[in-house]
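run30.cif (mmCIF, N, CA and C atoms) appears below.
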```cif
data_structure
#
loop_
_atom_site.label_atom_id
_atom_site.label_comp_id
_atom_site.auth_asym_id
_atom_site.auth_seq_id
_atom_site.Cartn_x
_atom_site.Cartn_y
_atom_site.Cartn_z
N MET A 1 0.84 -1.18 0.00
CA MET A 1 0.00 0.00 0.00
C MET A 1 0.88 1.23 0.00
N LYS A 2 0.52 2.17 -0.80
CA LYS A 2 1.31 3.40 -0.93
C LYS A 2 0.82 4.45 0.07
N THR A 3 1.77 5.23 0.54
CA THR A 3 1.47 6.34 1.45
C THR A 3 1.38 7.63 0.64
N PHE A 4 1.02 8.72 1.31
CA PHE A 4 0.95 10.00 0.64
C PHE A 4 2.31 10.38 0.06
N THR A 5 3.37 10.10 0.80
CA THR A 5 4.72 10.43 0.34
C THR A 5 5.06 9.65 -0.93
N ASP A 6 4.70 8.38 -0.97
CA ASP A 6 4.94 7.57 -2.18
C ASP A 6 4.17 8.13 -3.37
N ILE A 7 2.94 8.52 -3.12
CA ILE A 7 2.10 9.07 -4.20
C ILE A 7 2.69 10.37 -4.71
N HIS A 8 3.19 11.20 -3.79
CA HIS A 8 3.81 12.47 -4.19
C HIS A 8 5.07 12.21 -5.03
N GLU A 9 5.86 11.23 -4.64
CA GLU A 9 7.06 10.87 -5.41
C GLU A 9 6.67 10.36 -6.80
N ASP A 10 5.60 9.57 -6.88
CA ASP A 10 5.12 9.08 -8.18
C ASP A 10 4.66 10.25 -9.05
N LEU A 11 4.04 11.25 -8.42
CA LEU A 11 3.60 12.44 -9.16
C LEU A 11 4.81 13.17 -9.74
N LYS A 12 5.87 13.33 -8.95
CA LYS A 12 7.07 14.00 -9.45
C LYS A 12 7.68 13.22 -10.62
N THR A 13 7.69 11.91 -10.50
CA THR A 13 8.22 11.06 -11.59
C THR A 13 7.37 11.22 -12.85
N ALA A 14 6.05 11.23 -12.69
CA ALA A 14 5.16 11.39 -13.84
C ALA A 14 5.38 12.75 -14.51
N MET A 15 5.61 13.78 -13.72
CA MET A 15 5.87 15.11 -14.30
C MET A 15 7.19 15.12 -15.07
N LYS A 16 8.21 14.47 -14.52
CA LYS A 16 9.52 14.44 -15.17
C LYS A 16 9.50 13.64 -16.46
N THR A 17 8.70 12.57 -16.50
CA THR A 17 8.67 11.72 -17.69
C THR A 17 7.66 12.17 -18.73
N GLY A 18 6.85 13.16 -18.39
CA GLY A 18 5.87 13.66 -19.35
C GLY A 18 4.61 12.81 -19.45
N ASP A 19 4.34 12.02 -18.43
CA ASP A 19 3.14 11.17 -18.39
C ASP A 19 1.95 12.03 -17.96
N ALA A 20 1.25 12.61 -18.93
CA ALA A 20 0.17 13.55 -18.64
C ALA A 20 -0.98 12.89 -17.89
N MET A 21 -1.38 11.69 -18.31
CA MET A 21 -2.49 11.01 -17.65
C MET A 21 -2.13 10.69 -16.20
N GLY A 22 -0.94 10.14 -15.98
CA GLY A 22 -0.50 9.82 -14.64
C GLY A 22 -0.39 11.06 -13.78
N ARG A 23 0.17 12.12 -14.35
CA ARG A 23 0.31 13.38 -13.62
C ARG A 23 -1.05 13.92 -13.18
N ASP A 24 -1.97 13.98 -14.12
CA ASP A 24 -3.29 14.53 -13.80
C ASP A 24 -4.04 13.68 -12.79
N THR A 25 -3.96 12.37 -12.95
CA THR A 25 -4.65 11.46 -12.03
C THR A 25 -4.04 11.54 -10.64
N LEU A 26 -2.72 11.59 -10.56
CA LEU A 26 -2.07 11.68 -9.25
C LEU A 26 -2.31 13.03 -8.58
N ARG A 27 -2.41 14.08 -9.36
CA ARG A 27 -2.76 15.40 -8.79
C ARG A 27 -4.17 15.34 -8.18
N MET A 28 -5.08 14.71 -8.91
CA MET A 28 -6.44 14.58 -8.41
C MET A 28 -6.46 13.74 -7.13
N LEU A 29 -5.68 12.66 -7.10
CA LEU A 29 -5.60 11.81 -5.92
C LEU A 29 -5.00 12.57 -4.75
N GLU A 30 -3.93 13.31 -5.00
CA GLU A 30 -3.29 14.10 -3.94
C GLU A 30 -4.28 15.11 -3.37
N SER A 31 -5.02 15.74 -4.24
CA SER A 31 -6.01 16.72 -3.81
C SER A 31 -7.08 16.07 -2.94
N ALA A 32 -7.55 14.90 -3.35
CA ALA A 32 -8.56 14.18 -2.58
C ALA A 32 -8.01 13.78 -1.20
N LEU A 33 -6.75 13.37 -1.15
CA LEU A 33 -6.13 13.00 0.12
C LEU A 33 -5.97 14.23 1.03
N LYS A 34 -5.61 15.36 0.45
CA LYS A 34 -5.49 16.59 1.23
C LYS A 34 -6.85 17.00 1.78
N ASN A 35 -7.89 16.89 0.95
CA ASN A 35 -9.24 17.22 1.41
C ASN A 35 -9.69 16.29 2.53
N GLU A 36 -9.34 15.02 2.43
CA GLU A 36 -9.68 14.06 3.49
C GLU A 36 -8.98 14.44 4.79
N ALA A 37 -7.71 14.81 4.70
CA ALA A 37 -6.95 15.21 5.89
C ALA A 37 -7.53 16.48 6.51
N ILE A 38 -7.92 17.42 5.67
CA ILE A 38 -8.53 18.65 6.17
C ILE A 38 -9.84 18.33 6.88
N GLY A 39 -10.64 17.45 6.27
CA GLY A 39 -11.90 17.05 6.88
C GLY A 39 -11.71 16.38 8.23
N LEU A 40 -10.62 15.65 8.37
CA LEU A 40 -10.31 14.98 9.63
C LEU A 40 -9.51 15.87 10.59
N ARG A 41 -9.18 17.09 10.12
CA ARG A 41 -8.38 18.05 10.89
C ARG A 41 -7.03 17.47 11.30
N ARG A 42 -6.36 16.89 10.30
CA ARG A 42 -5.05 16.29 10.54
C ARG A 42 -4.12 16.68 9.40
N GLU A 43 -2.85 16.38 9.59
CA GLU A 43 -1.86 16.58 8.54
C GLU A 43 -2.05 15.49 7.49
N VAL A 44 -1.80 15.84 6.24
CA VAL A 44 -2.03 14.87 5.16
C VAL A 44 -1.11 13.66 5.29
N GLY A 45 0.08 13.85 5.78
CA GLY A 45 1.01 12.74 5.95
C GLY A 45 0.61 11.79 7.06
N SER A 46 -0.35 12.18 7.89
CA SER A 46 -0.75 11.33 9.02
C SER A 46 -1.92 10.41 8.70
N LEU A 47 -2.38 10.41 7.44
CA LEU A 47 -3.47 9.52 7.06
C LEU A 47 -2.99 8.08 7.13
N SER A 48 -3.81 7.23 7.72
CA SER A 48 -3.45 5.81 7.81
C SER A 48 -3.63 5.14 6.45
N GLU A 49 -3.10 3.93 6.34
CA GLU A 49 -3.25 3.17 5.09
C GLU A 49 -4.72 2.92 4.80
N ASP A 50 -5.52 2.66 5.84
CA ASP A 50 -6.95 2.42 5.65
C ASP A 50 -7.65 3.67 5.13
N GLU A 51 -7.24 4.84 5.62
CA GLU A 51 -7.85 6.09 5.17
C GLU A 51 -7.46 6.39 3.73
N VAL A 52 -6.21 6.16 3.37
CA VAL A 52 -5.76 6.35 1.99
C VAL A 52 -6.50 5.38 1.08
N SER A 53 -6.63 4.14 1.54
CA SER A 53 -7.33 3.12 0.77
C SER A 53 -8.80 3.49 0.56
N ALA A 54 -9.42 4.05 1.60
CA ALA A 54 -10.83 4.45 1.49
C ALA A 54 -11.00 5.55 0.45
N VAL A 55 -10.07 6.51 0.42
CA VAL A 55 -10.13 7.58 -0.57
C VAL A 55 -9.95 7.00 -1.96
N LEU A 56 -8.99 6.09 -2.11
CA LEU A 56 -8.77 5.44 -3.41
C LEU A 56 -10.01 4.69 -3.88
N ARG A 57 -10.62 3.91 -2.98
CA ARG A 57 -11.83 3.16 -3.35
C ARG A 57 -12.95 4.10 -3.77
N ARG A 58 -13.08 5.22 -3.07
CA ARG A 58 -14.12 6.20 -3.41
C ARG A 58 -13.87 6.77 -4.81
N LEU A 59 -12.62 7.10 -5.11
CA LEU A 59 -12.29 7.65 -6.42
C LEU A 59 -12.48 6.61 -7.53
N VAL A 60 -12.15 5.36 -7.25
CA VAL A 60 -12.36 4.28 -8.23
C VAL A 60 -13.85 4.13 -8.51
N LYS A 61 -14.65 4.16 -7.46
CA LYS A 61 -16.10 4.03 -7.62
C LYS A 61 -16.65 5.20 -8.44
N GLN A 62 -16.15 6.42 -8.17
CA GLN A 62 -16.60 7.58 -8.94
C GLN A 62 -16.26 7.43 -10.42
N ARG A 63 -15.07 6.94 -10.71
CA ARG A 63 -14.66 6.75 -12.11
C ARG A 63 -15.52 5.69 -12.79
N ARG A 64 -15.82 4.60 -12.08
CA ARG A 64 -16.66 3.54 -12.63
C ARG A 64 -18.06 4.08 -12.96
N GLU A 65 -18.64 4.84 -12.02
CA GLU A 65 -19.99 5.38 -12.23
C GLU A 65 -20.00 6.41 -13.35
N ALA A 66 -18.96 7.24 -13.42
CA ALA A 66 -18.88 8.25 -14.47
C ALA A 66 -18.78 7.59 -15.84
N ALA A 67 -17.98 6.54 -15.94
CA ALA A 67 -17.84 5.82 -17.22
C ALA A 67 -19.18 5.24 -17.66
N THR A 68 -19.93 4.69 -16.71
CA THR A 68 -21.25 4.14 -17.02
C THR A 68 -22.18 5.23 -17.55
N GLU A 69 -22.16 6.38 -16.89
CA GLU A 69 -23.02 7.49 -17.32
C GLU A 69 -22.60 8.02 -18.70
N TYR A 70 -21.31 8.13 -18.92
CA TYR A 70 -20.84 8.60 -20.24
C TYR A 70 -21.26 7.63 -21.33
N ARG A 71 -21.16 6.33 -21.06
CA ARG A 71 -21.58 5.34 -22.06
C ARG A 71 -23.07 5.45 -22.34
N ALA A 72 -23.86 5.66 -21.29
CA ALA A 72 -25.30 5.80 -21.46
C ALA A 72 -25.62 7.04 -22.29
N GLY A 73 -24.77 8.04 -22.21
CA GLY A 73 -24.98 9.27 -22.97
C GLY A 73 -24.31 9.27 -24.33
N GLY A 74 -23.70 8.14 -24.70
CA GLY A 74 -23.07 8.04 -26.01
C GLY A 74 -21.72 8.74 -26.11
N ARG A 75 -21.04 8.94 -24.99
CA ARG A 75 -19.74 9.62 -24.97
C ARG A 75 -18.63 8.62 -24.65
N GLU A 76 -18.37 7.73 -25.58
CA GLU A 76 -17.41 6.65 -25.38
C GLU A 76 -16.00 7.16 -25.10
N GLU A 77 -15.60 8.28 -25.74
CA GLU A 77 -14.24 8.79 -25.52
C GLU A 77 -14.04 9.25 -24.08
N LEU A 78 -15.06 9.85 -23.48
CA LEU A 78 -14.97 10.27 -22.07
C LEU A 78 -15.03 9.06 -21.14
N ALA A 79 -15.83 8.07 -21.51
CA ALA A 79 -15.91 6.84 -20.72
C ALA A 79 -14.56 6.12 -20.73
N ALA A 80 -13.90 6.11 -21.88
CA ALA A 80 -12.59 5.46 -21.99
C ALA A 80 -11.57 6.17 -21.10
N LYS A 81 -11.63 7.49 -21.04
CA LYS A 81 -10.72 8.26 -20.17
C LYS A 81 -10.96 7.90 -18.71
N GLU A 82 -12.23 7.79 -18.31
CA GLU A 82 -12.55 7.42 -16.94
C GLU A 82 -12.05 6.01 -16.63
N ASP A 83 -12.16 5.11 -17.59
CA ASP A 83 -11.68 3.73 -17.40
C ASP A 83 -10.17 3.69 -17.19
N VAL A 84 -9.45 4.49 -17.96
CA VAL A 84 -7.99 4.53 -17.82
C VAL A 84 -7.62 5.06 -16.43
N GLU A 85 -8.28 6.13 -16.00
CA GLU A 85 -8.02 6.68 -14.67
C GLU A 85 -8.35 5.66 -13.58
N ARG A 86 -9.48 4.96 -13.74
CA ARG A 86 -9.89 3.96 -12.75
C ARG A 86 -8.84 2.86 -12.64
N GLU A 87 -8.37 2.36 -13.78
CA GLU A 87 -7.36 1.30 -13.76
C GLU A 87 -6.07 1.79 -13.11
N PHE A 88 -5.70 3.03 -13.39
CA PHE A 88 -4.50 3.61 -12.80
C PHE A 88 -4.65 3.69 -11.27
N LEU A 89 -5.79 4.17 -10.81
CA LEU A 89 -6.03 4.28 -9.37
C LEU A 89 -6.10 2.91 -8.71
N GLU A 90 -6.68 1.93 -9.40
CA GLU A 90 -6.77 0.58 -8.84
C GLU A 90 -5.40 -0.03 -8.60
N SER A 91 -4.40 0.41 -9.37
CA SER A 91 -3.05 -0.12 -9.18
C SER A 91 -2.47 0.30 -7.83
N TYR A 92 -3.04 1.31 -7.20
CA TYR A 92 -2.59 1.77 -5.89
C TYR A 92 -3.31 1.06 -4.74
N LEU A 93 -4.37 0.34 -5.06
CA LEU A 93 -5.12 -0.38 -4.02
C LEU A 93 -4.46 -1.71 -3.71
N PRO A 94 -4.68 -2.22 -2.49
CA PRO A 94 -4.15 -3.55 -2.18
C PRO A 94 -4.82 -4.59 -3.07
N VAL A 95 -4.17 -5.72 -3.24
CA VAL A 95 -4.70 -6.80 -4.07
C VAL A 95 -6.03 -7.27 -3.49
N ALA A 96 -7.02 -7.41 -4.35
CA ALA A 96 -8.35 -7.83 -3.91
C ALA A 96 -8.32 -9.30 -3.49
N LEU A 97 -9.23 -9.63 -2.61
CA LEU A 97 -9.34 -11.01 -2.13
C LEU A 97 -10.00 -11.89 -3.19
N SER A 98 -9.61 -13.15 -3.22
CA SER A 98 -10.21 -14.09 -4.15
C SER A 98 -11.58 -14.51 -3.65
N ASP A 99 -12.35 -15.18 -4.51
CA ASP A 99 -13.68 -15.66 -4.12
C ASP A 99 -13.59 -16.64 -2.96
N ASP A 100 -12.60 -17.52 -2.99
CA ASP A 100 -12.45 -18.50 -1.91
C ASP A 100 -12.14 -17.81 -0.58
N GLU A 101 -11.29 -16.79 -0.64
CA GLU A 101 -10.96 -16.05 0.58
C GLU A 101 -12.18 -15.31 1.12
N LEU A 102 -12.97 -14.71 0.21
CA LEU A 102 -14.19 -14.01 0.64
C LEU A 102 -15.18 -14.98 1.26
N ARG A 103 -15.34 -16.13 0.63
CA ARG A 103 -16.27 -17.14 1.14
C ARG A 103 -15.84 -17.58 2.55
N ALA A 104 -14.54 -17.78 2.76
CA ALA A 104 -14.03 -18.18 4.07
C ALA A 104 -14.25 -17.09 5.11
N ILE A 105 -14.05 -15.84 4.73
CA ILE A 105 -14.26 -14.73 5.66
C ILE A 105 -15.73 -14.63 6.05
N VAL A 106 -16.63 -14.77 5.08
CA VAL A 106 -18.07 -14.71 5.37
C VAL A 106 -18.48 -15.87 6.27
N THR A 107 -17.94 -17.05 6.02
CA THR A 107 -18.25 -18.21 6.87
C THR A 107 -17.79 -17.97 8.30
N GLU A 108 -16.59 -17.43 8.44
CA GLU A 108 -16.05 -17.12 9.77
C GLU A 108 -16.91 -16.05 10.46
N ALA A 109 -17.30 -15.03 9.70
CA ALA A 109 -18.12 -13.95 10.25
C ALA A 109 -19.49 -14.49 10.67
N ARG A 110 -20.04 -15.41 9.88
CA ARG A 110 -21.35 -15.99 10.21
C ARG A 110 -21.27 -16.74 11.54
N THR A 111 -20.22 -17.51 11.73
CA THR A 111 -20.03 -18.24 12.98
C THR A 111 -19.86 -17.27 14.14
N GLU A 112 -19.10 -16.22 13.90
CA GLU A 112 -18.82 -15.23 14.94
C GLU A 112 -20.06 -14.49 15.41
N CYS A 113 -20.92 -14.08 14.46
CA CYS A 113 -22.08 -13.27 14.86
C CYS A 113 -23.36 -14.10 15.02
N GLY A 114 -23.29 -15.39 14.69
CA GLY A 114 -24.44 -16.26 14.88
C GLY A 114 -25.58 -16.02 13.91
N ALA A 115 -25.28 -15.51 12.73
CA ALA A 115 -26.32 -15.24 11.73
C ALA A 115 -26.86 -16.57 11.21
N SER A 116 -28.19 -16.65 11.12
CA SER A 116 -28.79 -17.91 10.68
C SER A 116 -29.90 -17.74 9.65
N SER A 117 -30.42 -16.53 9.50
CA SER A 117 -31.51 -16.33 8.54
C SER A 117 -31.28 -15.05 7.75
N LYS A 118 -32.11 -14.85 6.74
CA LYS A 118 -31.99 -13.66 5.90
C LYS A 118 -32.22 -12.38 6.70
N ALA A 119 -32.88 -12.48 7.82
CA ALA A 119 -33.09 -11.32 8.68
C ALA A 119 -31.77 -10.83 9.29
N ASP A 120 -30.76 -11.70 9.31
CA ASP A 120 -29.46 -11.36 9.87
C ASP A 120 -28.50 -10.80 8.81
N PHE A 121 -29.01 -10.54 7.63
CA PHE A 121 -28.17 -10.10 6.51
C PHE A 121 -27.31 -8.89 6.89
N GLY A 122 -27.91 -7.85 7.42
CA GLY A 122 -27.20 -6.62 7.75
C GLY A 122 -26.11 -6.85 8.78
N ARG A 123 -26.43 -7.64 9.79
CA ARG A 123 -25.45 -7.91 10.84
C ARG A 123 -24.25 -8.67 10.27
N LEU A 124 -24.53 -9.71 9.47
CA LEU A 124 -23.46 -10.49 8.87
C LEU A 124 -22.63 -9.65 7.90
N MET A 125 -23.29 -8.82 7.14
CA MET A 125 -22.60 -7.95 6.19
C MET A 125 -21.64 -7.01 6.94
N GLY A 126 -22.10 -6.46 8.05
CA GLY A 126 -21.27 -5.55 8.84
C GLY A 126 -20.03 -6.23 9.39
N VAL A 127 -20.19 -7.42 9.94
CA VAL A 127 -19.06 -8.16 10.49
C VAL A 127 -18.08 -8.55 9.37
N ALA A 128 -18.62 -8.99 8.24
CA ALA A 128 -17.76 -9.39 7.12
C ALA A 128 -16.99 -8.19 6.57
N MET A 129 -17.63 -7.03 6.47
CA MET A 129 -16.97 -5.84 5.95
C MET A 129 -15.81 -5.43 6.86
N LYS A 130 -15.99 -5.56 8.15
CA LYS A 130 -14.90 -5.24 9.08
C LYS A 130 -13.73 -6.19 8.89
N LYS A 131 -14.03 -7.45 8.61
CA LYS A 131 -12.97 -8.44 8.43
C LYS A 131 -12.17 -8.23 7.15
N VAL A 132 -12.82 -7.76 6.08
CA VAL A 132 -12.08 -7.57 4.83
C VAL A 132 -11.30 -6.26 4.84
N ALA A 133 -11.68 -5.33 5.68
CA ALA A 133 -10.94 -4.08 5.91
C ALA A 133 -10.34 -3.47 4.64
N GLY A 134 -11.21 -3.14 3.68
CA GLY A 134 -10.76 -2.44 2.50
C GLY A 134 -10.19 -3.29 1.39
N ARG A 135 -10.14 -4.60 1.56
CA ARG A 135 -9.60 -5.46 0.51
C ARG A 135 -10.68 -5.93 -0.44
N ALA A 136 -11.93 -5.57 -0.16
CA ALA A 136 -13.05 -5.88 -1.05
C ALA A 136 -14.18 -4.92 -0.73
N ASP A 137 -15.04 -4.68 -1.69
CA ASP A 137 -16.17 -3.80 -1.43
C ASP A 137 -17.44 -4.61 -1.17
N GLY A 138 -18.47 -3.92 -0.77
CA GLY A 138 -19.72 -4.58 -0.41
C GLY A 138 -20.33 -5.38 -1.54
N ASN A 139 -20.17 -4.89 -2.78
CA ASN A 139 -20.73 -5.61 -3.93
C ASN A 139 -20.04 -6.95 -4.14
N ALA A 140 -18.78 -7.05 -3.75
CA ALA A 140 -18.05 -8.32 -3.90
C ALA A 140 -18.46 -9.31 -2.81
N ILE A 141 -18.79 -8.80 -1.63
CA ILE A 141 -19.11 -9.66 -0.49
C ILE A 141 -20.56 -10.11 -0.51
N ARG A 142 -21.45 -9.26 -0.99
CA ARG A 142 -22.89 -9.52 -0.95
C ARG A 142 -23.30 -10.92 -1.42
N PRO A 143 -22.82 -11.41 -2.59
CA PRO A 143 -23.25 -12.74 -3.03
C PRO A 143 -22.87 -13.85 -2.06
N PHE A 144 -21.73 -13.71 -1.40
CA PHE A 144 -21.28 -14.73 -0.46
C PHE A 144 -22.10 -14.69 0.83
N VAL A 145 -22.52 -13.49 1.23
CA VAL A 145 -23.39 -13.35 2.39
C VAL A 145 -24.75 -13.97 2.08
N GLU A 146 -25.28 -13.67 0.90
CA GLU A 146 -26.56 -14.25 0.50
C GLU A 146 -26.48 -15.77 0.42
N GLU A 147 -25.37 -16.27 -0.11
CA GLU A 147 -25.16 -17.71 -0.22
C GLU A 147 -25.10 -18.35 1.17
N ALA A 148 -24.42 -17.71 2.10
CA ALA A 148 -24.27 -18.25 3.45
C ALA A 148 -25.60 -18.29 4.19
N LEU A 149 -26.46 -17.33 3.92
CA LEU A 149 -27.75 -17.26 4.61
C LEU A 149 -28.84 -18.07 3.92
N SER A 150 -28.56 -18.58 2.74
CA SER A 150 -29.58 -19.37 2.03
C SER A 150 -29.56 -20.83 2.45
N ASP A 151 -28.57 -21.21 3.25
CA ASP A 151 -28.44 -22.61 3.70
C ASP A 151 -29.58 -23.00 4.60
#
```
Will you turn the file into structure tokens for me?
Amino acid sequence: MKTFTDIHEDLKTAMKTGDAMGRDTLRMLESALKNEAIGLRREVGSLSEDEVSAVLRRLVKQRREAATEYRAGGREELAAKEDVEREFLESYLPVALSDDELRAIVTEARTECGASSKADFGRLMGVAMKKVAGRADGNAIRPFVEEALSD
């Protein structure tokens, strides 16, 4: 996982090499991290890996949604730009968990919280999300939670 300092160094490298897409995307990321630090009333360098990861996931989600909207509006060139930025930002995220790992985490969470019916969906989802701690999003976990509660 990269820290703010690593991201800033990558930005300097992108500027030196003339990588316009990387430069612009990293500037946007740096700005989002600074805004997060301001919102938390802390120094930008003091953001934890989880906080940096949360900002990255939010930006990735924004790029994915924007690309979908651009495609719906017939603006493929703008959607392609959003896809490139999303892929670039995803390279800064920790490696996502595999399906088998997610299934094991949900099974462990189910045992831990005692979920047994579909009424326990929210509780199980909450426990599972805490266990994955930024290595997967809710959309990735949801099918495994539903599968675990359908037994």
Protein and nucleic acid residues near (-2.2, 10.9, -15.1) (cut-off 10 Å, only C-alpha atoms) as a list of chain:residue names: A:Leu11, A:Ala14, A:Met15, A:Gly18, A:Asp19, A:Ala20, A:Met21, A:Gly22, A:Arg23, A:Asp24, A:Thr25, A:Leu26, A:Arg27, A:Met28, A:Leu29, A:Val84, A:Glu85, A:Phe88, A:Leu89
Prev. selection, N, CA and C atoms, output as a compact mmCIF listing (two decimals), keeping the file's coordinate frame:
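Saved file selection.txt follows:
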```txt
# COMPACT_ATOMS: atom_id res chain seq x y z
N LEU A 11 4.04 11.25 -8.42
CA LEU A 11 3.60 12.44 -9.16
C LEU A 11 4.81 13.17 -9.74
N ALA A 14 6.05 11.23 -12.69
CA ALA A 14 5.16 11.39 -13.84
C ALA A 14 5.38 12.75 -14.51
N MET A 15 5.61 13.78 -13.72
CA MET A 15 5.87 15.11 -14.30
C MET A 15 7.19 15.12 -15.07
N GLY A 18 6.85 13.16 -18.39
CA GLY A 18 5.87 13.66 -19.35
C GLY A 18 4.61 12.81 -19.45
N ASP A 19 4.34 12.02 -18.43
CA ASP A 19 3.14 11.17 -18.39
C ASP A 19 1.95 12.03 -17.96
N ALA A 20 1.25 12.61 -18.93
CA ALA A 20 0.17 13.55 -18.64
C ALA A 20 -0.98 12.89 -17.89
N MET A 21 -1.38 11.69 -18.31
CA MET A 21 -2.49 11.01 -17.65
C MET A 21 -2.13 10.69 -16.20
N GLY A 22 -0.94 10.14 -15.98
CA GLY A 22 -0.50 9.82 -14.64
C GLY A 22 -0.39 11.06 -13.78
N ARG A 23 0.17 12.12 -14.35
CA ARG A 23 0.31 13.38 -13.62
C ARG A 23 -1.05 13.92 -13.18
N ASP A 24 -1.97 13.98 -14.12
CA ASP A 24 -3.29 14.53 -13.80
C ASP A 24 -4.04 13.68 -12.79
N THR A 25 -3.96 12.37 -12.95
CA THR A 25 -4.65 11.46 -12.03
C THR A 25 -4.04 11.54 -10.64
N LEU A 26 -2.72 11.59 -10.56
CA LEU A 26 -2.07 11.68 -9.25
C LEU A 26 -2.31 13.03 -8.58
N ARG A 27 -2.41 14.08 -9.36
CA ARG A 27 -2.76 15.40 -8.79
C ARG A 27 -4.17 15.34 -8.18
N MET A 28 -5.08 14.71 -8.91
CA MET A 28 -6.44 14.58 -8.41
C MET A 28 -6.46 13.74 -7.13
N LEU A 29 -5.68 12.66 -7.10
CA LEU A 29 -5.60 11.81 -5.92
C LEU A 29 -5.00 12.57 -4.75
N VAL A 84 -9.45 4.49 -17.96
CA VAL A 84 -7.99 4.53 -17.82
C VAL A 84 -7.62 5.06 -16.43
N GLU A 85 -8.28 6.13 -16.00
CA GLU A 85 -8.02 6.68 -14.67
C GLU A 85 -8.35 5.66 -13.58
N PHE A 88 -5.70 3.03 -13.39
CA PHE A 88 -4.50 3.61 -12.80
C PHE A 88 -4.65 3.69 -11.27
N LEU A 89 -5.79 4.17 -10.81
CA LEU A 89 -6.03 4.28 -9.37
C LEU A 89 -6.10 2.91 -8.71
```
Length of the atom C of A:Gly45 to atom CA of A:Phe4 vector [Å]: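 Rounded to one decimal, the two atoms are 6.7 Å apart.
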Hits of the PyMOL selection byres ((chain A and resi 134) around 7) in this structure, as a PyMOL selection string: chain A and resi 50+53-54+94+129-133+135-137
Alpha helix (DSSP H) positions in stretch 7-95 of chain A, given as a count of residues only: 70
Atomic separation - atom CA of A:Ala148 relative to atom CA of A:Arg110, Å: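 Between these atoms lies a distance of 7.7 Å.
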Point-to-point distance from atom N of A:Met125 to atom CA of A:Leu97, Å rounded to tenths: 16.9 Å
Minimum-distance residue to A:Glu30, chosen among A:Lys16, A:Lys118, A:His8, A:Arg142 (using only C-alpha atoms): A:His8
Can we get stretch 9-20 of chain A of that structure written down with N, CA and C atoms, as a PDB file, in the first residue's frame?
```pdb
ATOM      1  N   GLU A   9       5.864  11.231  -4.643  1.00  0.00           N
ATOM      2  CA  GLU A   9       7.063  10.874  -5.415  1.00  0.00           C
ATOM      3  C   GLU A   9       6.673  10.363  -6.805  1.00  0.00           C
ATOM      4  N   ASP A  10       5.605   9.565  -6.882  1.00  0.00           N
ATOM      5  CA  ASP A  10       5.119   9.082  -8.179  1.00  0.00           C
ATOM      6  C   ASP A  10       4.655  10.248  -9.049  1.00  0.00           C
ATOM      7  N   LEU A  11       4.044  11.251  -8.424  1.00  0.00           N
ATOM      8  CA  LEU A  11       3.604  12.444  -9.156  1.00  0.00           C
ATOM      9  C   LEU A  11       4.811  13.174  -9.744  1.00  0.00           C
ATOM     10  N   LYS A  12       5.869  13.328  -8.952  1.00  0.00           N
ATOM     11  CA  LYS A  12       7.072  13.997  -9.451  1.00  0.00           C
ATOM     12  C   LYS A  12       7.677  13.217 -10.625  1.00  0.00           C
ATOM     13  N   THR A  13       7.692  11.908 -10.503  1.00  0.00           N
ATOM     14  CA  THR A  13       8.217  11.064 -11.586  1.00  0.00           C
ATOM     15  C   THR A  13       7.368  11.223 -12.847  1.00  0.00           C
ATOM     16  N   ALA A  14       6.053  11.235 -12.689  1.00  0.00           N
ATOM     17  CA  ALA A  14       5.159  11.393 -13.840  1.00  0.00           C
ATOM     18  C   ALA A  14       5.377  12.746 -14.513  1.00  0.00           C
ATOM     19  N   MET A  15       5.613  13.780 -13.717  1.00  0.00           N
ATOM     20  CA  MET A  15       5.869  15.105 -14.296  1.00  0.00           C
ATOM     21  C   MET A  15       7.189  15.116 -15.067  1.00  0.00           C
ATOM     22  N   LYS A  16       8.209  14.467 -14.521  1.00  0.00           N
ATOM     23  CA  LYS A  16       9.517  14.441 -15.175  1.00  0.00           C
ATOM     24  C   LYS A  16       9.498  13.641 -16.464  1.00  0.00           C
ATOM     25  N   THR A  17       8.703  12.571 -16.497  1.00  0.00           N
ATOM     26  CA  THR A  17       8.673  11.716 -17.685  1.00  0.00           C
ATOM     27  C   THR A  17       7.658  12.168 -18.729  1.00  0.00           C
ATOM     28  N   GLY A  18       6.847  13.159 -18.394  1.00  0.00           N
ATOM     29  CA  GLY A  18       5.866  13.658 -19.352  1.00  0.00           C
ATOM     30  C   GLY A  18       4.608  12.811 -19.447  1.00  0.00           C
ATOM     31  N   ASP A  19       4.336  12.016 -18.432  1.00  0.00           N
ATOM     32  CA  ASP A  19       3.141  11.173 -18.390  1.00  0.00           C
ATOM     33  C   ASP A  19       1.947  12.035 -17.963  1.00  0.00           C
ATOM     34  N   ALA A  20       1.252  12.611 -18.930  1.00  0.00           N
ATOM     35  CA  ALA A  20       0.173  13.552 -18.638  1.00  0.00           C
ATOM     36  C   ALA A  20      -0.983  12.894 -17.887  1.00  0.00           C
TER      37      ALA A  20
END
```
